[in-house]
Amino acid sequence: MAGFEHLIQSYDVGDLLDEIASADPAAYLRRCFAEGLSAPVLSWPRVQQLAVCAMVLDAVVNDRDYEFFERELIADWRLHYARTCVKFKETALQALRRVLEQDRPAEPEAAAELETLAARLAGA
């Protein structure tokens with residue numbers, strides 16, 4: 001899936017995927033969303049991390065492909081973690097909505113991409 005270039009510009013997606021893979025992927029994503037929801041303020045890199053985690057969750061639970069993700073890795077996570085990940089999809093949506101309300105990206109294109117990501121994750 002193309003897009004999100006403004007949202008992930010200058011963010012190392014590969015490093016984050018490696019970090020997620022080296023942990024328990026479902027637990028890592030759950031923690032990312034919980035922290036994103038509870039933090040008083042999110043820096044731009046944390047917003048980007050949250051967005052990439054939301055894309056991973058969307059790829060796993062909604063069976064979407066993102067061009068910058070390793071297909072084999074996501075396929076493996078779909079097989080092993082989809083049932084667990086679907087349980088915290090609402091937390092992820094709340095975290096994205098919180099960013100849009102409180103830490104909205106200054107760049108309009110990045111904000112629009114974040115809105116699109118939230119809509120995709122919600123299934124809209």
# chains A, B, ... in the order shown; residues from 1 in each chain; ligands from 1

$ residues_around --residues "segment 15-20 of chain A" --least-positions-apart "6" --cutoff "12 Å" --atoms "only C-alpha atoms" --output "ChimeraX atom specification"
/A:8,26-32,45-46,48-53,55-57,68-71,73-74,77

$ write_last_selection --atoms "C-alpha atoms" --output "mmCIF file, in the first residue's frame"
data_model
loop_
_atom_site.group_PDB
_atom_site.id
_atom_site.type_symbol
_atom_site.label_atom_id
_atom_site.label_comp_id
_atom_site.auth_asym_id
_atom_site.auth_seq_id
_atom_site.Cartn_x
_atom_site.Cartn_y
_atom_site.Cartn_z
ATOM 1 C CA ILE A 8 7.161 8.316 7.990
ATOM 2 C CA ALA A 26 1.893 -8.339 20.143
ATOM 3 C CA ALA A 27 3.168 -7.145 23.529
ATOM 4 C CA TYR A 28 5.366 -4.508 21.881
ATOM 5 C CA LEU A 29 2.449 -3.113 19.877
ATOM 6 C CA ARG A 30 0.115 -3.161 22.887
ATOM 7 C CA ARG A 31 2.693 -1.260 24.957
ATOM 8 C CA CYS A 32 3.276 1.277 22.166
ATOM 9 C CA PRO A 45 9.379 10.718 16.588
ATOM 10 C CA ARG A 46 6.946 9.112 19.080
ATOM 11 C CA GLN A 48 5.855 8.431 13.927
ATOM 12 C CA GLN A 49 6.549 5.314 16.008
ATOM 13 C CA LEU A 50 2.893 5.121 16.991
ATOM 14 C CA ALA A 51 1.841 5.519 13.352
ATOM 15 C CA VAL A 52 4.162 2.745 12.155
ATOM 16 C CA CYS A 53 2.932 0.479 14.959
ATOM 17 C CA MET A 55 0.319 0.332 10.264
ATOM 18 C CA VAL A 56 1.757 -2.965 11.509
ATOM 19 C CA LEU A 57 -1.450 -3.626 13.437
ATOM 20 C CA PHE A 68 7.809 -0.643 3.194
ATOM 21 C CA PHE A 69 7.095 -3.779 5.294
ATOM 22 C CA GLU A 70 8.716 -7.138 4.705
ATOM 23 C CA ARG A 71 5.881 -9.290 3.377
ATOM 24 C CA LEU A 73 7.529 -10.971 8.332
ATOM 25 C CA ILE A 74 4.005 -9.542 8.285
ATOM 26 C CA TRP A 77 2.819 -12.133 12.361
#

$ residues_around --residues "segment 78-95 of chain A" --least-positions-apart "2" --cutoff "6 Å" --atoms "only C-alpha atoms" --output "JSON, numbers by chain"
{"A": [26, 33, 36, 37, 60, 61, 75, 76, 97, 98]}

$ write_last_selection --atoms "N, CA and C atoms" --output "CSV table (one decimal), in the first residue's frame"
chain,number,residue,atom,x,y,z
A,26,ALA,N,3.2,-8.8,19.6
A,26,ALA,CA,1.9,-8.3,20.1
A,26,ALA,C,2.1,-7.5,21.4
A,33,PHE,N,0.9,1.4,22.0
A,33,PHE,CA,-0.4,2.1,22.0
A,33,PHE,C,-0.8,2.6,23.4
A,36,GLY,N,1.3,5.6,24.0
A,36,GLY,CA,0.8,6.7,23.2
A,36,GLY,C,-0.5,7.3,23.7
A,37,LEU,N,-1.3,6.5,24.3
A,37,LEU,CA,-2.6,6.9,24.9
A,37,LEU,C,-2.4,7.7,26.2
A,60,VAL,N,-1.6,-6.6,10.1
A,60,VAL,CA,-1.8,-7.9,10.7
A,60,VAL,C,-3.3,-8.2,10.8
A,61,VAL,N,-4.1,-7.3,11.4
A,61,VAL,CA,-5.5,-7.6,11.6
A,61,VAL,C,-6.4,-7.4,10.5
A,75,ALA,N,3.4,-11.6,7.1
A,75,ALA,CA,2.6,-12.8,7.0
A,75,ALA,C,2.8,-13.8,8.2
A,76,ASP,N,4.0,-13.8,8.7
A,76,ASP,CA,4.3,-14.6,9.9
A,76,ASP,C,3.5,-14.1,11.1
A,97,ARG,N,-6.4,8.8,17.7
A,97,ARG,CA,-7.3,9.9,17.9
A,97,ARG,C,-6.8,10.9,18.9
A,98,ARG,N,-6.2,10.4,20.0
A,98,ARG,CA,-5.5,11.3,20.9
A,98,ARG,C,-4.5,12.1,20.3

$ residues_around --residues "Ala112 of chain A" --least-positions-apart "3" --cutoff "12 Å" --atoms "only C-alpha atoms" --output "PDB file with C-alpha atoms, in the first residue's frame"
ATOM      1  CA  GLY A   3       1.334   6.508   0.801  1.00  0.00           C
ATOM      2  CA  PHE A   4       2.202   7.776   4.231  1.00  0.00           C
ATOM      3  CA  GLU A   5       5.438   9.304   2.955  1.00  0.00           C
ATOM      4  CA  HIS A   6       4.918  12.491   4.978  1.00  0.00           C
ATOM      5  CA  LEU A   7       4.107  10.562   8.135  1.00  0.00           C
ATOM      6  CA  LEU A 100      -4.990  13.947  16.237  1.00  0.00           C
ATOM      7  CA  ARG A 104      -1.624  16.851  15.696  1.00  0.00           C
ATOM      8  CA  PRO A 105       1.248  17.000  13.199  1.00  0.00           C
ATOM      9  CA  ALA A 106       1.958  20.554  12.034  1.00  0.00           C
ATOM     10  CA  GLU A 107       2.333  19.391   8.446  1.00  0.00           C
ATOM     11  CA  PRO A 108      -1.172  19.117   6.923  1.00  0.00           C
ATOM     12  CA  GLU A 109      -0.195  16.176   4.712  1.00  0.00           C
ATOM     13  CA  GLU A 115      -6.473  10.481   9.736  1.00  0.00           C
ATOM     14  CA  THR A 116      -6.421   8.032   6.829  1.00  0.00           C
ATOM     15  CA  LEU A 117      -4.533   5.510   8.924  1.00  0.00           C
ATOM     16  CA  ALA A 118      -7.066   5.804  11.765  1.00  0.00           C
ATOM     17  CA  ALA A 119      -9.939   5.314   9.311  1.00  0.00           C
TER      18      ALA A 119
END

$ closest_residue --among "A:Ala111, A:Arg120, A:Asp103, A:Arg64" --to "Val41 of chain A" --atoms "only C-alpha atoms"
A:Asp103

$ select_by_dssp --residues "segment 68-112 of chain A" --states "helix (DSSP H, G or I)" --output "PyMOL selection string"
chain A and resi 71-102+108-112

$ write_last_selection --atoms "N, CA, C and O atoms" --output "tab-separated table (two decimals), in the first residue's frame"
chain	number	residue	atom	x	y	z
A	71	ARG	N	7.10	-8.49	3.53
A	71	ARG	CA	5.88	-9.29	3.38
A	71	ARG	C	5.92	-10.59	4.18
A	71	ARG	O	4.93	-10.98	4.78
A	72	GLU	N	7.07	-11.25	4.18
A	72	GLU	CA	7.18	-12.53	4.89
A	72	GLU	C	7.03	-12.33	6.40
A	72	GLU	O	6.40	-13.14	7.08
A	73	LEU	N	7.62	-11.26	6.91
A	73	LEU	CA	7.53	-10.97	8.33
A	73	LEU	C	6.08	-10.70	8.74
A	73	LEU	O	5.58	-11.27	9.72
A	74	ILE	N	5.40	-9.87	7.98
A	74	ILE	CA	4.00	-9.54	8.29
A	74	ILE	C	3.13	-10.79	8.14
A	74	ILE	O	2.23	-11.02	8.96
A	75	ALA	N	3.39	-11.60	7.14
A	75	ALA	CA	2.62	-12.84	6.97
A	75	ALA	C	2.78	-13.76	8.18
A	75	ALA	O	1.81	-14.37	8.65
A	76	ASP	N	4.01	-13.83	8.70
A	76	ASP	CA	4.26	-14.64	9.89
A	76	ASP	C	3.51	-14.07	11.09
A	76	ASP	O	2.90	-14.81	11.87
A	77	TRP	N	3.53	-12.75	11.24
A	77	TRP	CA	2.82	-12.13	12.36
A	77	TRP	C	1.32	-12.31	12.22
A	77	TRP	O	0.63	-12.47	13.22
A	78	ARG	N	0.80	-12.29	11.00
A	78	ARG	CA	-0.64	-12.55	10.80
A	78	ARG	C	-1.00	-13.94	11.31
A	78	ARG	O	-2.01	-14.13	11.98
A	79	LEU	N	-0.17	-14.88	10.97
A	79	LEU	CA	-0.40	-16.27	11.36
A	79	LEU	C	-0.36	-16.45	12.87
A	79	LEU	O	-1.22	-17.13	13.44
A	80	HIS	N	0.61	-15.83	13.52
A	80	HIS	CA	0.83	-16.09	14.94
A	80	HIS	C	0.20	-15.09	15.90
A	80	HIS	O	-0.03	-15.44	17.07
A	81	TYR	N	-0.09	-13.87	15.45
A	81	TYR	CA	-0.51	-12.82	16.39
A	81	TYR	C	-1.83	-12.14	16.07
A	81	TYR	O	-2.27	-11.28	16.83
A	82	ALA	N	-2.47	-12.49	14.98
A	82	ALA	CA	-3.70	-11.77	14.58
A	82	ALA	C	-4.77	-11.82	15.66
A	82	ALA	O	-5.40	-10.80	15.96
A	83	ARG	N	-5.00	-12.98	16.25
A	83	ARG	CA	-6.06	-13.09	17.27
A	83	ARG	C	-5.76	-12.24	18.49
A	83	ARG	O	-6.67	-11.65	19.07
A	84	THR	N	-4.51	-12.18	18.87
A	84	THR	CA	-4.13	-11.36	20.02
A	84	THR	C	-4.20	-9.88	19.67
A	84	THR	O	-4.72	-9.07	20.45
A	85	CYS	N	-3.71	-9.52	18.51
A	85	CYS	CA	-3.66	-8.11	18.11
A	85	CYS	C	-5.03	-7.48	17.94
A	85	CYS	O	-5.21	-6.30	18.24
A	86	VAL	N	-5.98	-8.24	17.49
A	86	VAL	CA	-7.32	-7.68	17.28
A	86	VAL	C	-7.93	-7.21	18.60
A	86	VAL	O	-8.74	-6.28	18.62
A	87	LYS	N	-7.47	-7.77	19.71
A	87	LYS	CA	-8.01	-7.41	21.03
A	87	LYS	C	-7.65	-5.99	21.45
A	87	LYS	O	-8.35	-5.40	22.27
A	88	PHE	N	-6.57	-5.43	20.93
A	88	PHE	CA	-6.20	-4.07	21.33
A	88	PHE	C	-6.27	-3.08	20.17
A	88	PHE	O	-5.69	-2.00	20.21
A	89	LYS	N	-7.05	-3.43	19.18
A	89	LYS	CA	-7.27	-2.52	18.05
A	89	LYS	C	-7.93	-1.22	18.51
A	89	LYS	O	-7.57	-0.13	18.07
A	90	GLU	N	-8.87	-1.32	19.44
A	90	GLU	CA	-9.55	-0.12	19.95
A	90	GLU	C	-8.59	0.80	20.70
A	90	GLU	O	-8.67	2.02	20.57
A	91	THR	N	-7.65	0.22	21.44
A	91	THR	CA	-6.64	1.03	22.13
A	91	THR	C	-5.78	1.78	21.11
A	91	THR	O	-5.45	2.95	21.31
A	92	ALA	N	-5.44	1.11	20.03
A	92	ALA	CA	-4.66	1.74	18.97
A	92	ALA	C	-5.43	2.92	18.36
A	92	ALA	O	-4.87	3.99	18.15
A	93	LEU	N	-6.70	2.70	18.11
A	93	LEU	CA	-7.54	3.78	17.55
A	93	LEU	C	-7.63	4.96	18.52
A	93	LEU	O	-7.54	6.12	18.10
A	94	GLN	N	-7.79	4.67	19.79
A	94	GLN	CA	-7.86	5.74	20.79
A	94	GLN	C	-6.55	6.52	20.82
A	94	GLN	O	-6.56	7.75	20.94
A	95	ALA	N	-5.43	5.82	20.71
A	95	ALA	CA	-4.12	6.49	20.72
A	95	ALA	C	-3.97	7.39	19.49
A	95	ALA	O	-3.48	8.52	19.60
A	96	LEU	N	-4.39	6.91	18.33
A	96	LEU	CA	-4.31	7.73	17.11
A	96	LEU	C	-5.22	8.95	17.22
A	96	LEU	O	-4.83	10.06	16.83
A	97	ARG	N	-6.42	8.75	17.74
A	97	ARG	CA	-7.34	9.88	17.90
A	97	ARG	C	-6.80	10.90	18.90
A	97	ARG	O	-6.95	12.11	18.73
A	98	ARG	N	-6.15	10.41	19.95
A	98	ARG	CA	-5.54	11.29	20.94
A	98	ARG	C	-4.47	12.15	20.29
A	98	ARG	O	-4.37	13.34	20.56
A	99	VAL	N	-3.65	11.55	19.42
A	99	VAL	CA	-2.62	12.31	18.71
A	99	VAL	C	-3.28	13.37	17.84
A	99	VAL	O	-2.85	14.52	17.82
A	100	LEU	N	-4.32	12.99	17.12
A	100	LEU	CA	-4.99	13.95	16.24
A	100	LEU	C	-5.61	15.11	17.01
A	100	LEU	O	-5.66	16.23	16.52
A	101	GLU	N	-6.04	14.85	18.24
A	101	GLU	CA	-6.66	15.90	19.04
A	101	GLU	C	-5.64	16.74	19.80
A	101	GLU	O	-5.80	17.95	19.94
A	102	GLN	N	-4.55	16.10	20.31
A	102	GLN	CA	-3.64	16.80	21.22
A	102	GLN	C	-2.25	17.07	20.65
A	102	GLN	O	-1.62	18.04	21.06
A	108	PRO	N	0.18	19.57	7.27
A	108	PRO	CA	-1.17	19.12	6.92
A	108	PRO	C	-1.21	17.74	6.25
A	108	PRO	O	-2.12	16.96	6.50
A	109	GLU	N	-0.22	17.46	5.41
A	109	GLU	CA	-0.20	16.18	4.71
A	109	GLU	C	0.00	15.02	5.69
A	109	GLU	O	-0.64	13.97	5.57
A	110	ALA	N	0.87	15.21	6.68
A	110	ALA	CA	1.10	14.17	7.69
A	110	ALA	C	-0.15	13.97	8.54
A	110	ALA	O	-0.52	12.84	8.87
A	111	ALA	N	-0.82	15.06	8.89
A	111	ALA	CA	-2.06	14.96	9.66
A	111	ALA	C	-3.13	14.21	8.87
A	111	ALA	O	-3.84	13.36	9.41
A	112	ALA	N	-3.23	14.51	7.58
A	112	ALA	CA	-4.21	13.82	6.73
A	112	ALA	C	-3.88	12.33	6.62
A	112	ALA	O	-4.78	11.48	6.65

$ atom_distance --atom1 "atom CA of Leu121 of chain A" --atom2 "atom CA of Ala54 of chain A"
7.5 Å

$ atom_distance --atom1 "atom CA of Leu42 of chain A" --atom2 "atom CA of Ala23 of chain A"
22.5 Å

$ atom_distance --atom1 "atom CA of Ala122 of chain A" --atom2 "atom CA of Asn62 of chain A"
9.4 Å

$ decode --residues "chain A" --atoms "C-alpha atoms" --output "PDB file, in the first residue's frame"
ATOM      1  CA  MET A   1       0.000   0.000   0.000  1.00  0.00           C
ATOM      2  CA  ALA A   2       1.511   3.285  -1.075  1.00  0.00           C
ATOM      3  CA  GLY A   3       1.334   6.508   0.801  1.00  0.00           C
ATOM      4  CA  PHE A   4       2.202   7.776   4.231  1.00  0.00           C
ATOM      5  CA  GLU A   5       5.438   9.304   2.955  1.00  0.00           C
ATOM      6  CA  HIS A   6       4.918  12.491   4.978  1.00  0.00           C
ATOM      7  CA  LEU A   7       4.107  10.562   8.135  1.00  0.00           C
ATOM      8  CA  ILE A   8       7.161   8.316   7.990  1.00  0.00           C
ATOM      9  CA  GLN A   9       9.565  10.751   6.348  1.00  0.00           C
ATOM     10  CA  SER A  10      13.015  10.388   7.948  1.00  0.00           C
ATOM     11  CA  TYR A  11      11.781   7.568  10.211  1.00  0.00           C
ATOM     12  CA  ASP A  12      13.645   4.251  10.075  1.00  0.00           C
ATOM     13  CA  VAL A  13      10.802   1.783   9.618  1.00  0.00           C
ATOM     14  CA  GLY A  14      13.225  -1.137   9.260  1.00  0.00           C
ATOM     15  CA  ASP A  15      14.773  -0.494  12.670  1.00  0.00           C
ATOM     16  CA  LEU A  16      11.339  -0.404  14.300  1.00  0.00           C
ATOM     17  CA  LEU A  17      10.329  -3.660  12.612  1.00  0.00           C
ATOM     18  CA  ASP A  18      13.543  -5.253  13.896  1.00  0.00           C
ATOM     19  CA  GLU A  19      12.795  -3.956  17.387  1.00  0.00           C
ATOM     20  CA  ILE A  20       9.245  -5.340  17.265  1.00  0.00           C
ATOM     21  CA  ALA A  21      10.462  -8.678  15.908  1.00  0.00           C
ATOM     22  CA  SER A  22      13.097  -9.041  18.607  1.00  0.00           C
ATOM     23  CA  ALA A  23      10.417  -8.634  21.286  1.00  0.00           C
ATOM     24  CA  ASP A  24       7.028 -10.289  21.577  1.00  0.00           C
ATOM     25  CA  PRO A  25       5.381  -8.425  18.644  1.00  0.00           C
ATOM     26  CA  ALA A  26       1.893  -8.339  20.143  1.00  0.00           C
ATOM     27  CA  ALA A  27       3.168  -7.145  23.529  1.00  0.00           C
ATOM     28  CA  TYR A  28       5.366  -4.508  21.881  1.00  0.00           C
ATOM     29  CA  LEU A  29       2.449  -3.113  19.877  1.00  0.00           C
ATOM     30  CA  ARG A  30       0.115  -3.161  22.887  1.00  0.00           C
ATOM     31  CA  ARG A  31       2.693  -1.260  24.957  1.00  0.00           C
ATOM     32  CA  CYS A  32       3.276   1.277  22.166  1.00  0.00           C
ATOM     33  CA  PHE A  33      -0.435   2.091  21.992  1.00  0.00           C
ATOM     34  CA  ALA A  34      -0.858   2.204  25.776  1.00  0.00           C
ATOM     35  CA  GLU A  35       2.081   4.602  26.085  1.00  0.00           C
ATOM     36  CA  GLY A  36       0.783   6.696  23.201  1.00  0.00           C
ATOM     37  CA  LEU A  37      -2.578   6.946  24.878  1.00  0.00           C
ATOM     38  CA  SER A  38      -1.278   7.796  28.349  1.00  0.00           C
ATOM     39  CA  ALA A  39       1.649  10.135  27.598  1.00  0.00           C
ATOM     40  CA  PRO A  40       0.909  13.787  28.368  1.00  0.00           C
ATOM     41  CA  VAL A  41       2.734  14.916  25.201  1.00  0.00           C
ATOM     42  CA  LEU A  42       4.162  12.983  22.261  1.00  0.00           C
ATOM     43  CA  SER A  43       7.203  14.153  20.344  1.00  0.00           C
ATOM     44  CA  TRP A  44       7.200  13.891  16.548  1.00  0.00           C
ATOM     45  CA  PRO A  45       9.379  10.718  16.588  1.00  0.00           C
ATOM     46  CA  ARG A  46       6.946   9.112  19.080  1.00  0.00           C
ATOM     47  CA  VAL A  47       4.017  10.070  16.832  1.00  0.00           C
ATOM     48  CA  GLN A  48       5.855   8.431  13.927  1.00  0.00           C
ATOM     49  CA  GLN A  49       6.549   5.314  16.008  1.00  0.00           C
ATOM     50  CA  LEU A  50       2.893   5.121  16.991  1.00  0.00           C
ATOM     51  CA  ALA A  51       1.841   5.519  13.352  1.00  0.00           C
ATOM     52  CA  VAL A  52       4.162   2.745  12.155  1.00  0.00           C
ATOM     53  CA  CYS A  53       2.932   0.479  14.959  1.00  0.00           C
ATOM     54  CA  ALA A  54      -0.640   1.243  13.836  1.00  0.00           C
ATOM     55  CA  MET A  55       0.319   0.332  10.264  1.00  0.00           C
ATOM     56  CA  VAL A  56       1.757  -2.965  11.509  1.00  0.00           C
ATOM     57  CA  LEU A  57      -1.450  -3.626  13.437  1.00  0.00           C
ATOM     58  CA  ASP A  58      -3.523  -2.748  10.354  1.00  0.00           C
ATOM     59  CA  ALA A  59      -1.383  -5.064   8.232  1.00  0.00           C
ATOM     60  CA  VAL A  60      -1.810  -7.912  10.713  1.00  0.00           C
ATOM     61  CA  VAL A  61      -5.504  -7.647  11.628  1.00  0.00           C
ATOM     62  CA  ASN A  62      -6.930  -6.131   8.433  1.00  0.00           C
ATOM     63  CA  ASP A  63      -4.670  -8.057   6.046  1.00  0.00           C
ATOM     64  CA  ARG A  64      -3.308  -4.950   4.324  1.00  0.00           C
ATOM     65  CA  ASP A  65       0.058  -4.720   2.628  1.00  0.00           C
ATOM     66  CA  TYR A  66       2.325  -1.724   3.107  1.00  0.00           C
ATOM     67  CA  GLU A  67       5.135  -1.354   0.583  1.00  0.00           C
ATOM     68  CA  PHE A  68       7.809  -0.643   3.194  1.00  0.00           C
ATOM     69  CA  PHE A  69       7.095  -3.779   5.294  1.00  0.00           C
ATOM     70  CA  GLU A  70       8.716  -7.138   4.705  1.00  0.00           C
ATOM     71  CA  ARG A  71       5.881  -9.290   3.377  1.00  0.00           C
ATOM     72  CA  GLU A  72       7.184 -12.530   4.891  1.00  0.00           C
ATOM     73  CA  LEU A  73       7.529 -10.971   8.332  1.00  0.00           C
ATOM     74  CA  ILE A  74       4.005  -9.542   8.285  1.00  0.00           C
ATOM     75  CA  ALA A  75       2.619 -12.844   6.965  1.00  0.00           C
ATOM     76  CA  ASP A  76       4.259 -14.638   9.890  1.00  0.00           C
ATOM     77  CA  TRP A  77       2.819 -12.133  12.361  1.00  0.00           C
ATOM     78  CA  ARG A  78      -0.637 -12.549  10.804  1.00  0.00           C
ATOM     79  CA  LEU A  79      -0.397 -16.273  11.358  1.00  0.00           C
ATOM     80  CA  HIS A  80       0.834 -16.088  14.944  1.00  0.00           C
ATOM     81  CA  TYR A  81      -0.507 -12.824  16.388  1.00  0.00           C
ATOM     82  CA  ALA A  82      -3.697 -11.769  14.575  1.00  0.00           C
ATOM     83  CA  ARG A  83      -6.057 -13.092  17.271  1.00  0.00           C
ATOM     84  CA  THR A  84      -4.125 -11.360  20.017  1.00  0.00           C
ATOM     85  CA  CYS A  85      -3.657  -8.106  18.109  1.00  0.00           C
ATOM     86  CA  VAL A  86      -7.323  -7.680  17.283  1.00  0.00           C
ATOM     87  CA  LYS A  87      -8.012  -7.408  21.025  1.00  0.00           C
ATOM     88  CA  PHE A  88      -6.203  -4.068  21.329  1.00  0.00           C
ATOM     89  CA  LYS A  89      -7.266  -2.516  18.048  1.00  0.00           C
ATOM     90  CA  GLU A  90      -9.550  -0.124  19.952  1.00  0.00           C
ATOM     91  CA  THR A  91      -6.644   1.033  22.131  1.00  0.00           C
ATOM     92  CA  ALA A  92      -4.657   1.743  18.972  1.00  0.00           C
ATOM     93  CA  LEU A  93      -7.536   3.781  17.553  1.00  0.00           C
ATOM     94  CA  GLN A  94      -7.858   5.740  20.790  1.00  0.00           C
ATOM     95  CA  ALA A  95      -4.124   6.490  20.718  1.00  0.00           C
ATOM     96  CA  LEU A  96      -4.310   7.726  17.111  1.00  0.00           C
ATOM     97  CA  ARG A  97      -7.339   9.882  17.900  1.00  0.00           C
ATOM     98  CA  ARG A  98      -5.544  11.285  20.939  1.00  0.00           C
ATOM     99  CA  VAL A  99      -2.622  12.312  18.710  1.00  0.00           C
ATOM    100  CA  LEU A 100      -4.990  13.947  16.237  1.00  0.00           C
ATOM    101  CA  GLU A 101      -6.657  15.902  19.045  1.00  0.00           C
ATOM    102  CA  GLN A 102      -3.641  16.798  21.218  1.00  0.00           C
ATOM    103  CA  ASP A 103      -0.410  16.353  19.246  1.00  0.00           C
ATOM    104  CA  ARG A 104      -1.624  16.851  15.696  1.00  0.00           C
ATOM    105  CA  PRO A 105       1.248  17.000  13.199  1.00  0.00           C
ATOM    106  CA  ALA A 106       1.958  20.554  12.034  1.00  0.00           C
ATOM    107  CA  GLU A 107       2.333  19.391   8.446  1.00  0.00           C
ATOM    108  CA  PRO A 108      -1.172  19.117   6.923  1.00  0.00           C
ATOM    109  CA  GLU A 109      -0.195  16.176   4.712  1.00  0.00           C
ATOM    110  CA  ALA A 110       1.102  14.173   7.694  1.00  0.00           C
ATOM    111  CA  ALA A 111      -2.061  14.964   9.661  1.00  0.00           C
ATOM    112  CA  ALA A 112      -4.207  13.820   6.731  1.00  0.00           C
ATOM    113  CA  GLU A 113      -2.209  10.592   6.472  1.00  0.00           C
ATOM    114  CA  LEU A 114      -2.722   9.991  10.194  1.00  0.00           C
ATOM    115  CA  GLU A 115      -6.473  10.481   9.736  1.00  0.00           C
ATOM    116  CA  THR A 116      -6.421   8.032   6.829  1.00  0.00           C
ATOM    117  CA  LEU A 117      -4.533   5.510   8.924  1.00  0.00           C
ATOM    118  CA  ALA A 118      -7.066   5.804  11.765  1.00  0.00           C
ATOM    119  CA  ALA A 119      -9.939   5.314   9.311  1.00  0.00           C
ATOM    120  CA  ARG A 120      -8.280   2.227   7.797  1.00  0.00           C
ATOM    121  CA  LEU A 121      -7.610   0.717  11.178  1.00  0.00           C
ATOM    122  CA  ALA A 122     -11.219   1.356  12.176  1.00  0.00           C
ATOM    123  CA  GLY A 123     -12.350  -0.429   9.035  1.00  0.00           C
ATOM    124  CA  ALA A 124     -13.989   2.639   7.521  1.00  0.00           C
TER     125      ALA A 124
END
